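In what follows, a structure is listed as structure tokens, so that the remarks can point back to it.
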Amino acid sequence: MTGRRRTRSSSPSRPSRPLRATLLAAGALAVCASIAVGCGVVPGVTGGSGGDSITVMTWAPEETAATNKPGMPAMAQAYARWVNSRGGINGRELRVLTCNDHNDSVDAAKCARRAAREDVVAVVGSYSQHGSSFLSPLQGAGIPYIGGYGLTDDEFKSPFSYPVNGGQPALLAGLGEELGETCGPVVLVRPDTIAGDELPVLIGAGLERKRHAPAVDIRAAEDSTEYSAQVSQALARASSDPAKRGCVVSALGDRTAAFMDSFRHHRDDYPKVRTASVLGSVDQTVIDATGGPSGPYENAYVTSWYPASSDARWNAMKTVIREQAFDDNRINPSDAGVQTTWIAYNVLHRALEALGDGEVSARTVRRKLDDGLEVTTGRLTPTLSWRFGDLLAAVDFPRLINADVTVQVVRQGRLASARRGFVNVSKTLESAASNSL
């Protein structure tokens with residue numbers, strides 16, 4: 001987790017109307033037959049939307065000194081290529097604009113203002129730690145923000161935000177619950193940022209629910225490359241109780257790998273401790289790169305919003321990646337950002353389908369979502385809906401609709417489910433909100 005610091009294809013020529021209708025019907029059938037993403041009749045769009053394409057935007061930081069998520073815009077582009085190869089949506093090409101927010105509040109606002117200038121109907125499946133910077137321009141332009149990564153509270157407060165997961169709050173709350181049952185002393189290593197300041201409260205709410213003492217809070221610079229001091233302090237505090245093995249939680253986003261490299265070099269100087277993290281800081285590629293079964297993540301707990309990447313429910317996404325982005329090494333199917341983008345674009349697809357022959361615009365997409373549209377995601381999440389009655393009673397997170405997480409564990413170097421099904425952490429989030437008042 002990180003926090004705030006102190007290319008497009010051209011539209012093909014269109015066939016004649018009778019032939020185009022035949023091709024679109026065949027394409028829709030092919031979609032339903034091969035990959036289940038909420039299929040139905042894909043009608044044409046009229047009523048003021050104009051043009052031959054539907055324009056959306058996806059943004060994420062790339063090539064920065066902190067957390068990077070290049071797989072998210074790459075997944076968005078692959079999804080658009082897949083949709084367009086099957087006739088588009090409502091007979092129109094899906095046009096994806098991408099933007100690099102550079103982990104910078106000014107650039108995040110620039111991305112949002114560009115979205116307004118380009119008249120996008122939604123910003124979809126994106127990552128930014130600067131919610132207060134980008135949401136204001138989006139709200140001013142009436143543009144919905146569908147399926148953000150959930151890094152900041154702003155994404156769970158703005159009426160223009162439509163989150164598909166519980167964000168970092170749910171992951172930390174779920175991890176706290178799990179560690180509260182299995183660990184001795186718990187130590188949290190997290191960024192020394194405004195967003196990072198929220199993490200002790202969230203993991204603490206989960207620990208408290210299991211009658212466990214609060215986590216020891218150790219802060220590190222967001223763009224640090226060396227963690228020897230934090231590792232030594234974490235190992236000493238986590239191993240302070242000889243009666244029960246402690247746990248070290250690293251929630252440093254892309255910097256988690258650097259932290260764990262230092263951890264590997266120091267851990268033999270202390271009694272054994274267990275490690276834990278959240279998906280987004282750790283994924284299968286990180287585990288592989290740090291030694292697999294012999295690495296520091298073996299037996300580590302990892303919370304995610306979704307099933308393990310080896311689960312068959314991800315086969316549809318993997319098929320699209322294989323068909324449209326086989327040689328694009330930016331897209332890692334086990335990355336939580338890529339997975340979130342996939343789910344967010346399924347929400348968009350369903351909303352556009354549901355508009356039927358009506359106008360397609362930011363206003364109509366937002367209205368369709370507000371009016372109770374229900375989106376199934378192949379059991380990757382619960383059914384998603386953003387009606388008032390679907391919102392959770394968490395004061396700090398009024399737009400949160402999905403408080404389910406999965407608990408995974410690293411066994412023989414592979415992420416696997418530690419518990420069957422989802423764990424709902426809505427009560428813990430409500431408790432965290434109360435404690436922050």
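Every chain in the structure tokens has a letter given in the order shown (A, B, ...), and although residue numbers restart at 1 in each chain, ligands are simply numbered from 1 in the order shown.
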Just asking: which residues within stretch 272-352 of chain A are helix (DSSP H, G or I) according to DSSP, as a PDB file with N, CA and C atoms, in the first residue's frame?
```pdb
ATOM      1  N   GLN A 284       1.860 -13.737  -6.695  1.00  0.00           N
ATOM      2  CA  GLN A 284       2.613 -14.955  -6.973  1.00  0.00           C
ATOM      3  C   GLN A 284       3.982 -14.669  -7.581  1.00  0.00           C
ATOM      4  N   THR A 285       4.072 -13.638  -8.424  1.00  0.00           N
ATOM      5  CA  THR A 285       5.366 -13.335  -9.034  1.00  0.00           C
ATOM      6  C   THR A 285       6.375 -12.873  -7.985  1.00  0.00           C
ATOM      7  N   VAL A 286       5.922 -12.132  -6.984  1.00  0.00           N
ATOM      8  CA  VAL A 286       6.813 -11.701  -5.909  1.00  0.00           C
ATOM      9  C   VAL A 286       7.282 -12.905  -5.107  1.00  0.00           C
ATOM     10  N   ILE A 287       6.368 -13.822  -4.820  1.00  0.00           N
ATOM     11  CA  ILE A 287       6.728 -15.033  -4.074  1.00  0.00           C
ATOM     12  C   ILE A 287       7.748 -15.849  -4.852  1.00  0.00           C
ATOM     13  N   ASP A 288       7.534 -15.993  -6.154  1.00  0.00           N
ATOM     14  CA  ASP A 288       8.477 -16.748  -6.992  1.00  0.00           C
ATOM     15  C   ASP A 288       9.851 -16.085  -7.007  1.00  0.00           C
ATOM     16  N   ALA A 289       9.860 -14.762  -7.116  1.00  0.00           N
ATOM     17  CA  ALA A 289      11.124 -14.035  -7.230  1.00  0.00           C
ATOM     18  C   ALA A 289      11.934 -14.057  -5.942  1.00  0.00           C
ATOM     19  N   GLY A 292      10.263 -18.738  -3.625  1.00  0.00           N
ATOM     20  CA  GLY A 292       9.191 -19.732  -3.580  1.00  0.00           C
ATOM     21  C   GLY A 292       9.120 -20.427  -2.228  1.00  0.00           C
ATOM     22  N   PRO A 293       9.170 -21.758  -2.200  1.00  0.00           N
ATOM     23  CA  PRO A 293       9.035 -22.492  -0.930  1.00  0.00           C
ATOM     24  C   PRO A 293      10.128 -22.171   0.086  1.00  0.00           C
ATOM     25  N   SER A 294      11.309 -21.766  -0.393  1.00  0.00           N
ATOM     26  CA  SER A 294      12.405 -21.471   0.528  1.00  0.00           C
ATOM     27  C   SER A 294      12.491 -19.988   0.879  1.00  0.00           C
ATOM     28  N   ALA A 312     -10.541 -21.429 -11.060  1.00  0.00           N
ATOM     29  CA  ALA A 312     -11.123 -21.519 -12.408  1.00  0.00           C
ATOM     30  C   ALA A 312     -12.006 -20.331 -12.742  1.00  0.00           C
ATOM     31  N   ARG A 313     -12.460 -19.596 -11.738  1.00  0.00           N
ATOM     32  CA  ARG A 313     -13.308 -18.439 -12.010  1.00  0.00           C
ATOM     33  C   ARG A 313     -12.572 -17.329 -12.773  1.00  0.00           C
ATOM     34  N   TRP A 314     -11.256 -17.399 -12.832  1.00  0.00           N
ATOM     35  CA  TRP A 314     -10.474 -16.419 -13.588  1.00  0.00           C
ATOM     36  C   TRP A 314     -10.222 -16.859 -15.032  1.00  0.00           C
ATOM     37  N   ASN A 315     -10.740 -18.006 -15.428  1.00  0.00           N
ATOM     38  CA  ASN A 315     -10.439 -18.512 -16.767  1.00  0.00           C
ATOM     39  C   ASN A 315     -10.893 -17.563 -17.872  1.00  0.00           C
ATOM     40  N   ALA A 316     -12.035 -16.888 -17.675  1.00  0.00           N
ATOM     41  CA  ALA A 316     -12.515 -15.950 -18.703  1.00  0.00           C
ATOM     42  C   ALA A 316     -11.516 -14.827 -18.922  1.00  0.00           C
ATOM     43  N   MET A 317     -11.028 -14.245 -17.831  1.00  0.00           N
ATOM     44  CA  MET A 317     -10.034 -13.186 -17.948  1.00  0.00           C
ATOM     45  C   MET A 317      -8.765 -13.691 -18.617  1.00  0.00           C
ATOM     46  N   LYS A 318      -8.323 -14.864 -18.229  1.00  0.00           N
ATOM     47  CA  LYS A 318      -7.095 -15.407 -18.800  1.00  0.00           C
ATOM     48  C   LYS A 318      -7.251 -15.684 -20.285  1.00  0.00           C
ATOM     49  N   THR A 319      -8.449 -16.068 -20.701  1.00  0.00           N
ATOM     50  CA  THR A 319      -8.695 -16.287 -22.125  1.00  0.00           C
ATOM     51  C   THR A 319      -8.548 -14.986 -22.907  1.00  0.00           C
ATOM     52  N   VAL A 320      -9.098 -13.911 -22.368  1.00  0.00           N
ATOM     53  CA  VAL A 320      -8.981 -12.608 -23.026  1.00  0.00           C
ATOM     54  C   VAL A 320      -7.513 -12.181 -23.098  1.00  0.00           C
ATOM     55  N   ILE A 321      -6.777 -12.362 -22.009  1.00  0.00           N
ATOM     56  CA  ILE A 321      -5.350 -12.006 -22.013  1.00  0.00           C
ATOM     57  C   ILE A 321      -4.601 -12.829 -23.048  1.00  0.00           C
ATOM     58  N   ARG A 322      -4.896 -14.116 -23.098  1.00  0.00           N
ATOM     59  CA  ARG A 322      -4.221 -14.988 -24.062  1.00  0.00           C
ATOM     60  C   ARG A 322      -4.545 -14.594 -25.506  1.00  0.00           C
ATOM     61  N   GLU A 323      -5.798 -14.223 -25.753  1.00  0.00           N
ATOM     62  CA  GLU A 323      -6.209 -13.856 -27.105  1.00  0.00           C
ATOM     63  C   GLU A 323      -5.688 -12.480 -27.528  1.00  0.00           C
ATOM     64  N   GLN A 324      -5.679 -11.533 -26.584  1.00  0.00           N
ATOM     65  CA  GLN A 324      -5.448 -10.142 -26.956  1.00  0.00           C
ATOM     66  C   GLN A 324      -4.145  -9.537 -26.439  1.00  0.00           C
ATOM     67  N   ALA A 336      -3.614  -7.947  -8.324  1.00  0.00           N
ATOM     68  CA  ALA A 336      -4.935  -7.491  -7.887  1.00  0.00           C
ATOM     69  C   ALA A 336      -5.434  -6.303  -8.697  1.00  0.00           C
ATOM     70  N   GLY A 337      -4.516  -5.487  -9.212  1.00  0.00           N
ATOM     71  CA  GLY A 337      -4.926  -4.376 -10.053  1.00  0.00           C
ATOM     72  C   GLY A 337      -5.508  -4.841 -11.370  1.00  0.00           C
ATOM     73  N   VAL A 338      -4.851  -5.799 -12.012  1.00  0.00           N
ATOM     74  CA  VAL A 338      -5.357  -6.378 -13.258  1.00  0.00           C
ATOM     75  C   VAL A 338      -6.725  -7.007 -13.027  1.00  0.00           C
ATOM     76  N   GLN A 339      -6.861  -7.733 -11.936  1.00  0.00           N
ATOM     77  CA  GLN A 339      -8.132  -8.382 -11.617  1.00  0.00           C
ATOM     78  C   GLN A 339      -9.237  -7.350 -11.379  1.00  0.00           C
ATOM     79  N   THR A 340      -8.904  -6.273 -10.694  1.00  0.00           N
ATOM     80  CA  THR A 340      -9.889  -5.223 -10.438  1.00  0.00           C
ATOM     81  C   THR A 340     -10.321  -4.561 -11.745  1.00  0.00           C
ATOM     82  N   THR A 341      -9.372  -4.319 -12.642  1.00  0.00           N
ATOM     83  CA  THR A 341      -9.711  -3.724 -13.934  1.00  0.00           C
ATOM     84  C   THR A 341     -10.642  -4.634 -14.723  1.00  0.00           C
ATOM     85  N   TRP A 342     -10.377  -5.936 -14.710  1.00  0.00           N
ATOM     86  CA  TRP A 342     -11.249  -6.900 -15.390  1.00  0.00           C
ATOM     87  C   TRP A 342     -12.682  -6.800 -14.864  1.00  0.00           C
ATOM     88  N   ILE A 343     -12.822  -6.797 -13.551  1.00  0.00           N
ATOM     89  CA  ILE A 343     -14.156  -6.746 -12.945  1.00  0.00           C
ATOM     90  C   ILE A 343     -14.821  -5.412 -13.245  1.00  0.00           C
ATOM     91  N   ALA A 344     -14.070  -4.319 -13.163  1.00  0.00           N
ATOM     92  CA  ALA A 344     -14.640  -2.993 -13.426  1.00  0.00           C
ATOM     93  C   ALA A 344     -15.153  -2.885 -14.857  1.00  0.00           C
ATOM     94  N   TYR A 345     -14.435  -3.455 -15.816  1.00  0.00           N
ATOM     95  CA  TYR A 345     -14.894  -3.395 -17.202  1.00  0.00           C
ATOM     96  C   TYR A 345     -16.098  -4.296 -17.438  1.00  0.00           C
ATOM     97  N   ASN A 346     -16.233  -5.345 -16.664  1.00  0.00           N
ATOM     98  CA  ASN A 346     -17.465  -6.130 -16.730  1.00  0.00           C
ATOM     99  C   ASN A 346     -18.654  -5.323 -16.225  1.00  0.00           C
ATOM    100  N   VAL A 347     -18.436  -4.507 -15.192  1.00  0.00           N
ATOM    101  CA  VAL A 347     -19.504  -3.618 -14.708  1.00  0.00           C
ATOM    102  C   VAL A 347     -19.880  -2.620 -15.797  1.00  0.00           C
ATOM    103  N   LEU A 348     -18.882  -1.994 -16.395  1.00  0.00           N
ATOM    104  CA  LEU A 348     -19.153  -1.050 -17.477  1.00  0.00           C
ATOM    105  C   LEU A 348     -19.918  -1.712 -18.616  1.00  0.00           C
ATOM    106  N   HIS A 349     -19.466  -2.894 -19.012  1.00  0.00           N
ATOM    107  CA  HIS A 349     -20.106  -3.623 -20.112  1.00  0.00           C
ATOM    108  C   HIS A 349     -21.585  -3.859 -19.814  1.00  0.00           C
ATOM    109  N   ARG A 350     -21.851  -4.294 -18.595  1.00  0.00           N
ATOM    110  CA  ARG A 350     -23.233  -4.578 -18.195  1.00  0.00           C
ATOM    111  C   ARG A 350     -24.064  -3.296 -18.187  1.00  0.00           C
ATOM    112  N   ALA A 351     -23.492  -2.189 -17.710  1.00  0.00           N
ATOM    113  CA  ALA A 351     -24.228  -0.922 -17.678  1.00  0.00           C
ATOM    114  C   ALA A 351     -24.548  -0.438 -19.084  1.00  0.00           C
ATOM    115  N   LEU A 352     -23.601  -0.553 -20.002  1.00  0.00           N
ATOM    116  CA  LEU A 352     -23.829  -0.123 -21.377  1.00  0.00           C
ATOM    117  C   LEU A 352     -24.873  -1.000 -22.054  1.00  0.00           C
TER     118      LEU A 352
END
```
Neighbours of A:Phe397 within 7 Å (only C-alpha atoms; same-chain residues fewer than 3 positions away dropped), as a PDB file with C-alpha atoms, in the first residue's frame?
```pdb
ATOM      1  CA  ASP A 153     -11.268   7.017   1.782  1.00  0.00           C
ATOM      2  CA  PHE A 156     -15.711   5.220  -0.566  1.00  0.00           C
ATOM      3  CA  LYS A 157     -17.301   8.632   0.022  1.00  0.00           C
ATOM      4  CA  ALA A 394     -19.786   2.154   7.892  1.00  0.00           C
ATOM      5  CA  LEU A 400     -18.697   0.564   0.263  1.00  0.00           C
TER       6      LEU A 400
END
```
Exercise: A:Thr225 partners within 12 Å, only C-alpha atoms, chain neighbours under 6 positions left out, as a list of chain:residue names: A:Ala65, A:Ala66, A:Leu252, A:Asp254, A:Arg255, A:Thr256, A:Ala257, A:Ala258, A:Phe259, A:Met260, A:Asp261, A:Ser262
If I take atom CA of A:Thr275 and atom CA of A:Ser250, how far is one from the other in Å, to one decimal?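 Going from atom CA of A:Thr275 over to atom CA of A:Ser250, I get 7.7 Å.
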Mind checking which residues fall within 10 Å of A:Arg366, counting only C-alpha atoms, ignoring those fewer than 4 positions away in the same chain, and posting them as number ranges by chain? A: 121-122, 142-146, 159-162, 351, 361-362, 370-371
Compile the contact shell of A:Asn402 as an MDAnalysis selection string: residues with an atom at most 12 Å away, counting only C-alpha atoms, same-chain residues fewer than 6 positions apart removed. chainID A and resid 147 150 156 162:167 169:171 305:306 380:386 390:394 422:426 429
Which polymer residues have any atom within 12 Å of an atom of A:Ser228, counting only C-alpha atoms, with same-chain residues fewer than 2 positions away left out, as a count of residues only? 20
How many Å lie between atom CA of A:Glu178 and atom CA of A:Val302, rounded to one decimal?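 Separation between atom CA of A:Glu178 and atom CA of A:Val302: 9.6 Å.
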Based on DSSP run over this structure's backbone, return all residues of stretch 121-294 of chain A in strand (DSSP E or B), as a list in words. Val123, Val124, Tyr145, Ile146, Ser161, Tyr162, Val186, Val187, Leu188, Val189, Arg190, Pro191, Val216, Asp217, Ile218, Arg219, Ala220, Cys247, Val248, Val249, Ser250, Arg274, Thr275, Ala276, Ser277, Val278, Leu279 and Val282 of chain A
Dump as a PDB file, in the first residue's frame, selection limited to C-alpha atoms:
```
ATOM      1  CA  VAL A 123     -13.167   6.270 -15.670  1.00  0.00           C
ATOM      2  CA  VAL A 124     -12.864   2.512 -15.219  1.00  0.00           C
ATOM      3  CA  TYR A 145     -15.448   6.413 -11.316  1.00  0.00           C
ATOM      4  CA  ILE A 146     -16.071   2.669 -11.666  1.00  0.00           C
ATOM      5  CA  SER A 161     -17.545   6.492  -7.112  1.00  0.00           C
ATOM      6  CA  TYR A 162     -18.704   2.906  -7.715  1.00  0.00           C
ATOM      7  CA  VAL A 186       1.789  -8.362  15.504  1.00  0.00           C
ATOM      8  CA  VAL A 187       4.017  -5.734  13.888  1.00  0.00           C
ATOM      9  CA  LEU A 188       2.831  -3.568  10.993  1.00  0.00           C
ATOM     10  CA  VAL A 189       5.386  -1.967   8.651  1.00  0.00           C
ATOM     11  CA  ARG A 190       3.710   0.637   6.451  1.00  0.00           C
ATOM     12  CA  PRO A 191       4.370   3.840   4.495  1.00  0.00           C
ATOM     13  CA  VAL A 216       3.136  -2.340  16.759  1.00  0.00           C
ATOM     14  CA  ASP A 217       3.290   0.458  14.166  1.00  0.00           C
ATOM     15  CA  ILE A 218       6.571   0.911  12.257  1.00  0.00           C
ATOM     16  CA  ARG A 219       6.740   3.578   9.552  1.00  0.00           C
ATOM     17  CA  ALA A 220       9.011   3.758   6.500  1.00  0.00           C
ATOM     18  CA  CYS A 247       3.799 -11.979  12.872  1.00  0.00           C
ATOM     19  CA  VAL A 248       5.321  -9.211  10.739  1.00  0.00           C
ATOM     20  CA  VAL A 249       2.927  -7.514   8.329  1.00  0.00           C
ATOM     21  CA  SER A 250       4.456  -5.640   5.409  1.00  0.00           C
ATOM     22  CA  ARG A 274       5.506 -15.509  10.546  1.00  0.00           C
ATOM     23  CA  THR A 275       4.951 -12.989   7.763  1.00  0.00           C
ATOM     24  CA  ALA A 276       1.726 -11.578   6.365  1.00  0.00           C
ATOM     25  CA  SER A 277       0.608  -9.023   3.806  1.00  0.00           C
ATOM     26  CA  VAL A 278      -2.198  -7.976   1.482  1.00  0.00           C
ATOM     27  CA  LEU A 279      -2.597  -8.681  -2.202  1.00  0.00           C
ATOM     28  CA  VAL A 282       2.392  -9.500  -2.545  1.00  0.00           C
TER      29      VAL A 282
END
```
With only C-alpha atoms as the atoms that count, which of A:Thr182, A:Thr193, A:Ser136, A:Gln77 lies nearest to A:Arg211?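 Looking at the shortest contact to A:Arg211, the residue is A:Thr182.
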